[in-house]
Amino acid sequence: MLIYNGKGDVVKKILLSLSLLILSGLTIGLILYEQLEPLYLEQVNQSQEDEINQEEASALNPVNHGDPIVYSLENDELNLSFNQGIDWVPVPVETNLLFSGDYNGSKQELIDNSYVLEQNYLAFLYADHNVRLMQTRDKGETWEPIVIIEDFPGIRFRKVDMLNDSFGYVIVTGDRTMSSEGTLIYVTDDQGESWSKVNSAETTRLLYDGGFIDEQTGFLSYGTINPEQPDLFVTNDRGETWNQAVFQTPEAYQDIFVTAEMPFSDEEQLIIHVNQGPNGDYQGGLVKGKYTSDDHGQTWEFVGEVAGDEVQ
Amino acid sequence: MKSNNSRLVMLLGWLALLGAMGLFCLQAGYFLIHHRYQVEYVDNRLFYFINILAVILLLISLLLFLRLSGKVRGLIIGIVVVFIIVNVALMQLSQQHIQNIISLSPNLENTLVIKQDQEQREAIYYRTQYYLFARPHQRLPKQAESQYKIDWLTEDVVAVTYQTMTDSIEQFVGTYGDRGDGISYYEVGVQIQGEWAGEETHVNVGSEGIQIDYQQQSEWFEWNDVVQFGTLAIVLSNQDGPAWTIVLNEGYQIYDAENNPPEGEITLYQVTMEEHPPIILKR
């Protein structure tokens with residue numbers, strides 16, 4: 001046809017040789033393929049494992065699923081995420097200092113009320129020999145560590161809250177000996193830039209809970225061990241003076257509702273729930289007494305019973 | 001006219017020869033990358049098929065280029081036929097030893113590859129690389145007794161359901177995409193929190209677990225009973241094994257950097273060997 005004489009003979013030889021080479025190569029390949037060891041999963045995975053481990057290590061699990069700002073307490077680090085765990089920002093605090101002092105609860109999640117997670121202000125209360133606050137106003141781009149109280153031994157109760165863009169408070173108790181301890185309260189008017197100490201109630205009982213509901217009105221509820229009646233102190237001058245609140249409890253409930261929780265406002269009046277304390281067994285111990293106040297928390301009038309799960 | 005024919009024959013001859021040489025190089029290269037990058041052909045039979053194709057092209061080019069005597073031509077054709085028969089036989093043997101299960105996604109962009117050792121009934125899920133090659137990725141849970149039921153739930157999520165030796169039903173989910181930036185890992189469970197509704201179905205995803213109400217029957221799954229596949233699917237198990245699969249549909253938007261809540265639809269799919277259409281759920 002096209003390649004058949006003269007010069008074509010050379011080409012023919014080349015072509016046949018090439019074909020023979022390809023055919024031989026394919027035949028050798030076939031023999032080798034039959035002898036080829038299959039890939040073992042473990043062997044292949046070995047090289048991928050480090051990669052996967054690294055990925056898993058970086059995949060932190062949020063503790064407070066579903067909250068707008070979530071945190072994780074893994075690998076001895078406190079990390080924050082503003083997009084449900086996709087990106088994380090580390091908080092420059094040693095995690096053991098978040099649980100220091102007189103605390104025996106879970107270290108898998110932060111102590112209730114020991115932190116603030118708002119979009120424009122985040123803060124974490126922690127303590128070594130000083131009580132400190134690690135705070136940021138730009139979602140963790142810059143952190144501001146400050147000392148709130150110097151030389152404060154054995155922190156027990158701790159609470160920090162920011163009520164609005166300027167006013168916030170820190171309440172801590174410590175130096176506990178048996179059933180008495182000191183309570184210290186600090187307030188800020190510049191979103192945590194400076195803190196000033198205010199007075200606290202004149203009692204050394206163990207604090208149950210405390211807090212401010214606005215810039216003037218604050219409460220301290222005492223009695224964690226065998227309380228017999230609500231022991232609530234109220235201030236209407238941002239901690240300058242504290243008075244013991246008066247509870248008007250019907251005779252039948254006198255010894256039942258004994259520990260006051262933090263009051264809250266429903267716009268018209270203040271409401272407080274008083275629970276049965278650690279030993280209460282009235283209706284299973286879950287029912288609480290509801291009281292209201294029209295004089296900024298100085299006196300409380302009994303309204304009725306509320307079931308435990310109705311309580312906010 | 002004759003000259004035109006000659007030119008066409010010449011062209012075809014060269015194309016066939018180049019094709020044969022190309023396939024030969026591919027086969028030679030296979031041994032290199034098999035060892036170096038730990039990959040196999042997506043289907044083990046592809047090796048034999050390429051061999052056969054290569055010798056057929058080679059034969060075509062020889063017949064087109066050379067004027068061969070009857071004897072030589074017969075010899076060459078004979079060699080090629082023997083070569084093809086050997087390859088076909090080995091291909092059959094190979095399939096008896098390792099069964100190749102391959103399924104293309106509806107848009108032909110993703111390929112499910114599973115290779116099952118027929119003696120040990122052990123199945124390995126492969127991830128494809130450059131269309132032709134695949135790398136062992138994961139062993140399928142439990143040995144399969146039955147055929148595999150394969151359903152592409154989205155273009156990039158495939159559910160493989162099978163019956164095990166102990167008569168339980170297992171499901172493996174292959175995922176080939178992402179609904180985020182493709183870099184970050186995220187939890188599907190977190191992304192779908194809230195209430196979902198579909199035909200005769202209501203799903204509530206909360207922080208404690210997932211509640212599925214389907215055709216007046218209610219089932220509760222704690223997060224411990226939920227296994228995530230890739231970043232697209234979760235499988236919910238009860239005491240009998242996997243019961244439901246939930247998939248983030250295409251176009252699902254996860255939490256972004258501004259923490260805008262997720263948007264989109266999800267698919268709920270019952271784990272069963274019977275044919276069941278997937279249920280689309282909306283918020």
# chains A, B, ... in the order shown; residues from 1 in each chain; ligands from 1
$ select_by_dssp --residues "region 88-298 of chain A" --states "helix (DSSP H, G or I)" --output "ChimeraX atom specification"
/A:95-98,251-253,282-285
$ interface_residues --of "chain B" --to "chain A" --cutoff "8 Å" --atoms "only C-alpha atoms" --output "MDAnalysis selection string"
chainID B and resid 6 10 21 24 27:28 38:40 48 51 55 58 62 65:67 124 135:139 184:187 190:191 193 207 255:260
$ closest_residue --among "B:Trp220, B:Tyr176, B:Tyr162, B:Phe83" --to "Gly206 (chain B)" --atoms "only C-alpha atoms"
B:Trp220
$ residues_around --residues "Glu267 (chain A)" --least-positions-apart "4" --cutoff "12 Å" --atoms "only C-alpha atoms" --output "number ranges by chain"
A: 213, 271, 292-294, 296
$ write_last_selection --atoms "N, CA and C atoms" --output "PDB file, in the first residue's frame"
ATOM      1  N   ILE A 213     -29.770  44.432  88.767  1.00  0.00           N
ATOM      2  CA  ILE A 213     -30.742  44.362  87.669  1.00  0.00           C
ATOM      3  C   ILE A 213     -30.782  45.674  86.889  1.00  0.00           C
ATOM      4  N   ILE A 271     -40.016  40.720  90.322  1.00  0.00           N
ATOM      5  CA  ILE A 271     -40.480  39.385  90.685  1.00  0.00           C
ATOM      6  C   ILE A 271     -39.284  38.608  91.234  1.00  0.00           C
ATOM      7  N   THR A 292     -43.622  39.402  94.629  1.00  0.00           N
ATOM      8  CA  THR A 292     -43.413  40.597  93.807  1.00  0.00           C
ATOM      9  C   THR A 292     -43.108  41.787  94.712  1.00  0.00           C
ATOM     10  N   SER A 293     -42.465  42.779  94.128  1.00  0.00           N
ATOM     11  CA  SER A 293     -42.113  43.974  94.893  1.00  0.00           C
ATOM     12  C   SER A 293     -42.418  45.223  94.075  1.00  0.00           C
ATOM     13  N   ASP A 294     -43.003  46.231  94.744  1.00  0.00           N
ATOM     14  CA  ASP A 294     -43.280  47.497  94.064  1.00  0.00           C
ATOM     15  C   ASP A 294     -42.381  48.611  94.561  1.00  0.00           C
ATOM     16  N   HIS A 296     -38.810  48.577  94.567  1.00  0.00           N
ATOM     17  CA  HIS A 296     -37.435  48.293  94.139  1.00  0.00           C
ATOM     18  C   HIS A 296     -36.750  47.227  94.986  1.00  0.00           C
TER      19      HIS A 296
END
$ residues_around --residues "Asp189 (chain A)" --least-positions-apart "6" --cutoff "9 Å" --atoms "only C-alpha atoms" --output "JSON, numbers by chain"
{"A": [165, 166, 167, 168, 195, 215]}
$ write_last_selection --atoms "C-alpha atoms" --output "mmCIF file, in the first residue's frame"
data_model
loop_
_atom_site.group_PDB
_atom_site.id
_atom_site.type_symbol
_atom_site.label_atom_id
_atom_site.label_comp_id
_atom_site.auth_asym_id
_atom_site.auth_seq_id
_atom_site.Cartn_x
_atom_site.Cartn_y
_atom_site.Cartn_z
ATOM 1 C CA ASP A 165 -22.761 49.000 76.850
ATOM 2 C CA SER A 166 -21.271 50.647 79.916
ATOM 3 C CA PHE A 167 -22.464 49.252 83.256
ATOM 4 C CA GLY A 168 -21.287 45.918 84.573
ATOM 5 C CA TRP A 195 -13.532 48.987 88.081
ATOM 6 C CA GLU A 215 -27.328 50.521 87.483
#
$ decode --residues "region 261-282 of chain A" --atoms "C-alpha atoms" --output "mmCIF file, in the first residue's frame"
data_model
loop_
_atom_site.group_PDB
_atom_site.id
_atom_site.type_symbol
_atom_site.label_atom_id
_atom_site.label_comp_id
_atom_site.auth_asym_id
_atom_site.auth_seq_id
_atom_site.Cartn_x
_atom_site.Cartn_y
_atom_site.Cartn_z
ATOM 1 C CA GLU A 261 -32.986 33.580 93.764
ATOM 2 C CA MET A 262 -32.074 36.640 91.716
ATOM 3 C CA PRO A 263 -35.059 38.954 91.099
ATOM 4 C CA PHE A 264 -36.073 39.971 87.622
ATOM 5 C CA SER A 265 -38.297 42.673 86.241
ATOM 6 C CA ASP A 266 -41.442 42.300 84.152
ATOM 7 C CA GLU A 267 -41.539 46.046 83.383
ATOM 8 C CA GLU A 268 -44.230 46.826 85.972
ATOM 9 C CA GLN A 269 -42.774 45.289 89.088
ATOM 10 C CA LEU A 270 -39.982 43.108 90.364
ATOM 11 C CA ILE A 271 -40.480 39.385 90.685
ATOM 12 C CA ILE A 272 -38.474 36.947 92.755
ATOM 13 C CA HIS A 273 -38.579 33.192 93.121
ATOM 14 C CA VAL A 274 -37.687 31.745 96.481
ATOM 15 C CA ASN A 275 -36.725 28.077 96.412
ATOM 16 C CA GLN A 276 -36.723 25.467 99.139
ATOM 17 C CA GLY A 277 -32.972 25.345 99.664
ATOM 18 C CA PRO A 278 -30.883 22.161 99.598
ATOM 19 C CA ASN A 279 -33.104 20.243 102.021
ATOM 20 C CA GLY A 280 -36.593 21.258 100.812
ATOM 21 C CA ASP A 281 -39.052 18.452 100.185
ATOM 22 C CA TYR A 282 -42.346 20.312 99.814
#
